[in-house]
Number of protein chains: 2
Amino acid sequence: MIPQNRRITIKHVAKEAGVSTQTVSRVINVRPDVSPETRQRVLDIINQLGYQPSELARSLIQRRSYTLGVVTAGLKYIGPSRTLNGITTKAEESGYALLLKELPSFTSNEIQPLLQFLLARHIDGILWAVPEIGNNHDWVKQGLTGIPVPVVYLTMQPHPDVSVAAIDNYLGGVIAVQHLLEQGRHCIGHISGPLDWWEARQRKQGWQDTLKKAGFPVSDASCVEGNWSSSSGEVAFQQLLQSYPDMDAIFVANDQMALSVLRVAHRLGIHVPRDLPVVGFDNLSESAFFWPALTTINQNQLELGGRAVQELVAQIEVFQRNEQVAPQNVLLSPDLIVRESSVVQK
Amino acid sequence: MIPQNRRITIKHVAKEAGVSTQTVSRVINVRPDVSPETRQRVLDIINQLGYQPSELARSLIQRRSYTLGVVTAGLKYIGPSRTLNGITTKAEESGYALLLKELPSFTSNEIQPLLQFLLARHIDGILWAVPEIGNNHDWVKQGLTGIPVPVVYLTMQPHPDVSVAAIDNYLGGVIAVQHLLEQGRHCIGHISGPLDWWEARQRKQGWQDTLKKAGFPVSDASCVEGNWSSSSGEVAFQQLLQSYPDMDAIFVANDQMALSVLRVAHRLGIHVPRDLPVVGFDNLSESAFFWPALTTINQNQLELGGRAVQELVAQIEVFQRNEQVAPQNVLLSPDLIVRESSVVQK
DNA sequence: CTGAAAGCGCTAACAC
DNA sequence: GTGTTAGCGCTTTCAG
């Protein structure tokens, strides 16, 4: 039997230093009203004992845990992980702890137990880092009143009543098509992501609007829906070649599917970029080494996560002062990375 | 001014139901010693009020938080994220919450403040999901006594005194080389990962030992060190072509670097697999769509994370009963995925 | 400057 | 079956 590992408490320190627990508390919290000698003596004892105040007890009485609830999904994909990376980094910087929950699927709709779970642990705010897909955010419209802490949503349609941080996917689509137009192409096809995803719809809309605005036709035949995976990209591309034989360039909604386009094009003797410039989306670290190197739209998910934390922490500050919090929308611009797949060498 | 959002407590429920808090507590904890009528009445009130017991207060008094501290690093890379995915899934299943900390870098050595942080929040155990690199695990050998909760380490050299869960990278190297030997190749080169990484050393050792055992020579000229990145793979491969002109097959320590090998080989007119079969490591979701599709070693990081949680939870059970915990090592076998890059079509 | 008392929200240990 | 008392480890009053 090992002796029960009891925690060193403020009492032990107080007793050892011959002061009240109150005084120790004052020292811990760096309050001015302690005499220098007392302070030093207490600090010495603290070091000597290796005392560490319990954040749990503190959270309980202060009604504030300095902890953020983070709800994510799809960590096995690189996008959500990059965002989480940004969240952890900024949270560390802001002095907040992170309670992590991953939904079993992107479209999970079992929100209530999750919220209860987080609230039971007295989190100060929630970061809802699950992309908007199908109706998986419907509860937002209703359930808003139910959550007694600030919430910031990532990657959903900006909304006047809630705080949202997102990448401007629409702009990404615009930039991609503009680039292809600049290459002198007019028949620009599109392989979209699954259209129940908000991000996929935005990218497609950017593609469509930009082509229309430039005076070039867009039809059902010029776009095929994929599901983000490389294998779906392969299928979609072959379909597109059939339905849109005039196509002279292509914008693919993510790099994984674009990889398949490159592969199939090569197999069929379609030269990229000469016969078919290709632009992807995401800027995977591998994309620069595809063959040919892939032109793509880069989205800074690291910054997205950071900005979301920043916004949430700001809201928490306001909320804790019992003031009204004003929803804030943060929209980050993606940028174009030009590589071999889209520009014909002179 | 919004009214202070005070929590509904056990007291409110007790008062409303006309019983003591103790009885409410009994109902919450599904104790048998409550009359059916009382239980029902209390449950009704709980539902009506939307009462949610505070896990914080519970943790405090029970000296048990059902929370695991997870320390990770490099979430922007897919490996650590996949592992985390496994961790979240199994933790959910086991009823544990997760407090997440990401180190600023893989080789961060600032352990003490981190441990304090976690212990201050009364975590029941720690999952150290940071790969062993350079001397970033040196503190394990010393600091063991300092940690008053069970710890399970992921991806480090198994050690008799601590619990480790890891993929058998050595075996991965062995399998890869065996496969190439079966293709009738004998001069098998290697591009390793950075050799301060334990995983990289293991893969290299597997390569080396298997070749030697088969009676084929291994020299300094047949291995070049990369740094996992695609660009380092490019450099390493060109170096290897110089230093090992007889090379007739290659085992690359990860898929990202292998991608560069495929690319450079193509540029130089080296046909893969005819002239040079290639085997990678990691099984990225893109690898199946490289050109040619990449043969690779698959490591199940999802399962790794899950097994680590399982082991940690088991240790916590023992520890909480004040019994001695016996360190346990879990070693998972990777497996070979054969694709076009290593097998010459008949 | 310092301490005593009360309480955050809950449960263990004992009464009855 | 149910209530009372005490206390987890800390901070907020309010005295002095």
# chains A, B, ... in the order shown; residues from 1 in each chain; ligands from 1
>>> interface_residues(of="chain C", to="chain B", cutoff="12 Å", atoms="only C-alpha atoms (C1' of nucleotides)", output="list in words")
DC8, DG9, DC10, DT11, DA12 and DA13 of chain C
>>> closest_atom_pairs(of="range 1-88 of chain A", to="range 144-163 of chain A", cutoff="10 Å", atoms="only C-alpha atoms", output="Markdown table")
| residue | atom | partner | partner_atom | distance |
| --- | --- | --- | --- | --- |
| A:Leu68 | CA | A:Val151 | CA | 9.7 |
| A:Gly69 | CA | A:Val151 | CA | 9.3 |
| A:Val70 | CA | A:Val152 | CA | 9.9 |
| A:Val71 | CA | A:Tyr153 | CA | 9.7 |
| A:Thr72 | CA | A:Leu154 | CA | 9.6 |
| A:Thr83 | CA | A:Leu154 | CA | 9.3 |
>>> interface_residues(of="chain D", to="chain A", cutoff="9 Å", atoms="only C-alpha atoms (C1' of nucleotides)", output="ChimeraX atom specification")
/D:8-12
>>> write_last_selection(atoms="N, CA and C atoms (P, O5', C5', C4', C3', O3' and C1' of nucleotides)", output="CSV table (one decimal), in the first residue's frame")
chain,number,residue,atom,x,y,z
D,8,DC,P,-10.6,19.5,4.4
D,8,DC,O5',-10.5,19.2,2.8
D,8,DC,C5',-10.6,18.0,2.2
D,8,DC,C4',-11.0,18.2,0.8
D,8,DC,C3',-10.2,19.4,0.2
D,8,DC,O3',-9.1,18.8,-0.6
D,8,DC,C1',-12.6,19.4,-0.4
D,9,DG,P,-7.6,19.3,-0.2
D,9,DG,O5',-7.5,20.7,-0.7
D,9,DG,C5',-7.6,21.0,-2.1
D,9,DG,C4',-7.8,22.5,-2.3
D,9,DG,C3',-6.8,23.4,-1.5
D,9,DG,O3',-6.2,24.2,-2.5
D,9,DG,C1',-9.0,24.1,-1.2
D,10,DC,P,-5.2,25.3,-2.2
D,10,DC,O5',-6.1,26.7,-2.2
D,10,DC,C5',-6.4,27.3,-3.4
D,10,DC,C4',-7.7,28.0,-3.3
D,10,DC,C3',-7.7,29.4,-2.8
D,10,DC,O3',-7.4,30.2,-4.0
D,10,DC,C1',-9.6,28.3,-2.0
D,11,DT,P,-7.0,31.7,-3.8
D,11,DT,O5',-8.4,32.5,-3.5
D,11,DT,C5',-9.3,32.5,-4.5
D,11,DT,C4',-10.6,33.2,-3.9
D,11,DT,C3',-10.4,34.7,-3.6
D,11,DT,O3',-11.6,35.3,-4.0
D,11,DT,C1',-11.2,33.6,-1.7
D,12,DT,P,-11.5,36.9,-4.4
D,12,DT,O5',-12.9,37.5,-3.7
D,12,DT,C5',-14.1,36.8,-3.8
D,12,DT,C4',-14.9,37.1,-2.5
D,12,DT,C3',-14.9,38.5,-2.1
D,12,DT,O3',-16.3,39.0,-2.1
D,12,DT,C1',-14.5,37.1,-0.3
>>> interface_residues(of="chain B", to="chain A", cutoff="6 Å", atoms="only C-alpha atoms", output="ChimeraX atom specification")
/B:1-2,54-56,75-76,78,81-82,85,98-100,120-121,322-323
>>> select_by_dssp(residues="range 155-274 of chain B", states="alpha helix (DSSP H)", output="NGL selection string")
:B and (169-182 or 198-213 or 230-243 or 255-268)
>>> residues_around(residues="DG3 in chain C", least_positions_apart="4", cutoff="12 Å", atoms="only C-alpha atoms (C1' of nucleotides)", output="MDAnalysis selection string")
(chainID A and resid 14 18:24) or (chainID D and resid 14:16)
>>> select_by_dssp(residues="range 287-346 of chain A", states="strand (DSSP E)", output="list in words")
Thr295, Thr296, Ile297, Asn298, Asn329, Val330, Leu331, Leu332, Asp335, Leu336 and Ile337 of chain A
>>> write_last_selection(atoms="all heavy atoms", output="compact mmCIF listing (two decimals), in the first residue's frame")
# COMPACT_ATOMS: atom_id res chain seq x y z
N THR A 295 -0.59 24.90 -58.32
CA THR A 295 -1.07 26.24 -57.96
C THR A 295 -2.29 26.06 -57.08
O THR A 295 -3.15 25.22 -57.38
CB THR A 295 -1.46 27.03 -59.22
OG1 THR A 295 -0.27 27.30 -59.97
CG2 THR A 295 -2.13 28.35 -58.85
N THR A 296 -2.37 26.83 -56.01
CA THR A 296 -3.46 26.58 -55.07
C THR A 296 -3.83 27.82 -54.27
O THR A 296 -3.11 28.83 -54.30
CB THR A 296 -3.08 25.42 -54.12
OG1 THR A 296 -4.22 24.99 -53.38
CG2 THR A 296 -1.99 25.84 -53.16
N ILE A 297 -4.96 27.74 -53.59
CA ILE A 297 -5.40 28.82 -52.72
C ILE A 297 -5.01 28.43 -51.29
O ILE A 297 -5.38 27.37 -50.81
CB ILE A 297 -6.93 29.01 -52.79
CG1 ILE A 297 -7.38 29.29 -54.23
CG2 ILE A 297 -7.36 30.13 -51.86
CD1 ILE A 297 -6.91 30.59 -54.80
N ASN A 298 -4.27 29.32 -50.66
CA ASN A 298 -3.79 29.04 -49.31
C ASN A 298 -4.72 29.66 -48.28
O ASN A 298 -5.04 30.84 -48.35
CB ASN A 298 -2.39 29.64 -49.17
CG ASN A 298 -1.83 29.43 -47.78
OD1 ASN A 298 -1.64 28.30 -47.34
ND2 ASN A 298 -1.57 30.53 -47.07
N ASN A 329 -17.92 39.44 -36.30
CA ASN A 329 -17.55 38.49 -37.34
C ASN A 329 -16.14 38.77 -37.87
O ASN A 329 -15.82 39.90 -38.18
CB ASN A 329 -18.55 38.54 -38.50
CG ASN A 329 -19.84 37.85 -38.13
OD1 ASN A 329 -19.83 36.83 -37.44
ND2 ASN A 329 -20.96 38.38 -38.58
N VAL A 330 -15.35 37.72 -37.93
CA VAL A 330 -13.99 37.85 -38.46
C VAL A 330 -13.90 37.05 -39.75
O VAL A 330 -14.20 35.85 -39.76
CB VAL A 330 -12.95 37.29 -37.46
CG1 VAL A 330 -11.55 37.35 -38.04
CG2 VAL A 330 -13.02 38.04 -36.14
N LEU A 331 -13.52 37.70 -40.84
CA LEU A 331 -13.43 37.00 -42.12
C LEU A 331 -12.00 37.16 -42.66
O LEU A 331 -11.55 38.28 -42.93
CB LEU A 331 -14.44 37.60 -43.10
CG LEU A 331 -14.96 36.65 -44.19
CD1 LEU A 331 -15.57 35.41 -43.58
CD2 LEU A 331 -15.98 37.37 -45.06
N LEU A 332 -11.30 36.05 -42.78
CA LEU A 332 -9.90 36.11 -43.23
C LEU A 332 -9.80 35.83 -44.73
O LEU A 332 -10.46 34.93 -45.25
CB LEU A 332 -9.06 35.10 -42.48
CG LEU A 332 -8.98 35.28 -40.96
CD1 LEU A 332 -8.08 34.20 -40.34
CD2 LEU A 332 -8.44 36.65 -40.62
N ASP A 335 -5.14 33.42 -49.95
CA ASP A 335 -4.34 34.00 -51.04
C ASP A 335 -3.86 32.94 -52.02
O ASP A 335 -3.83 31.75 -51.73
CB ASP A 335 -3.18 34.81 -50.49
CG ASP A 335 -2.46 34.09 -49.37
OD1 ASP A 335 -2.51 32.83 -49.35
OD2 ASP A 335 -1.89 34.74 -48.50
N LEU A 336 -3.51 33.43 -53.19
CA LEU A 336 -3.15 32.56 -54.30
C LEU A 336 -1.66 32.22 -54.26
O LEU A 336 -0.83 33.10 -54.05
CB LEU A 336 -3.46 33.28 -55.61
CG LEU A 336 -3.09 32.55 -56.90
CD1 LEU A 336 -4.04 31.39 -57.15
CD2 LEU A 336 -3.08 33.51 -58.08
N ILE A 337 -1.35 30.94 -54.45
CA ILE A 337 0.05 30.53 -54.55
C ILE A 337 0.26 29.97 -55.95
O ILE A 337 -0.26 28.90 -56.27
CB ILE A 337 0.39 29.46 -53.50
CG1 ILE A 337 -0.04 29.96 -52.13
CG2 ILE A 337 1.85 29.08 -53.59
CD1 ILE A 337 0.91 29.74 -51.04
>>> atom_distance(atom1="CA of Pro194 in chain B", atom2="CA of Val164 in chain B")
21.7 Å
>>> atom_distance(atom1="CA of Gly206 in chain A", atom2="CA of Glu225 in chain A")
15.1 Å
>>> residues_around(residues="range 211-220 of chain A", least_positions_apart="5", cutoff="12 Å", atoms="only C-alpha atoms (C1' of nucleotides)", output="number ranges by chain")
A: 173-182, 184-191, 204-206, 225, 240, 243-244, 246-247, 251
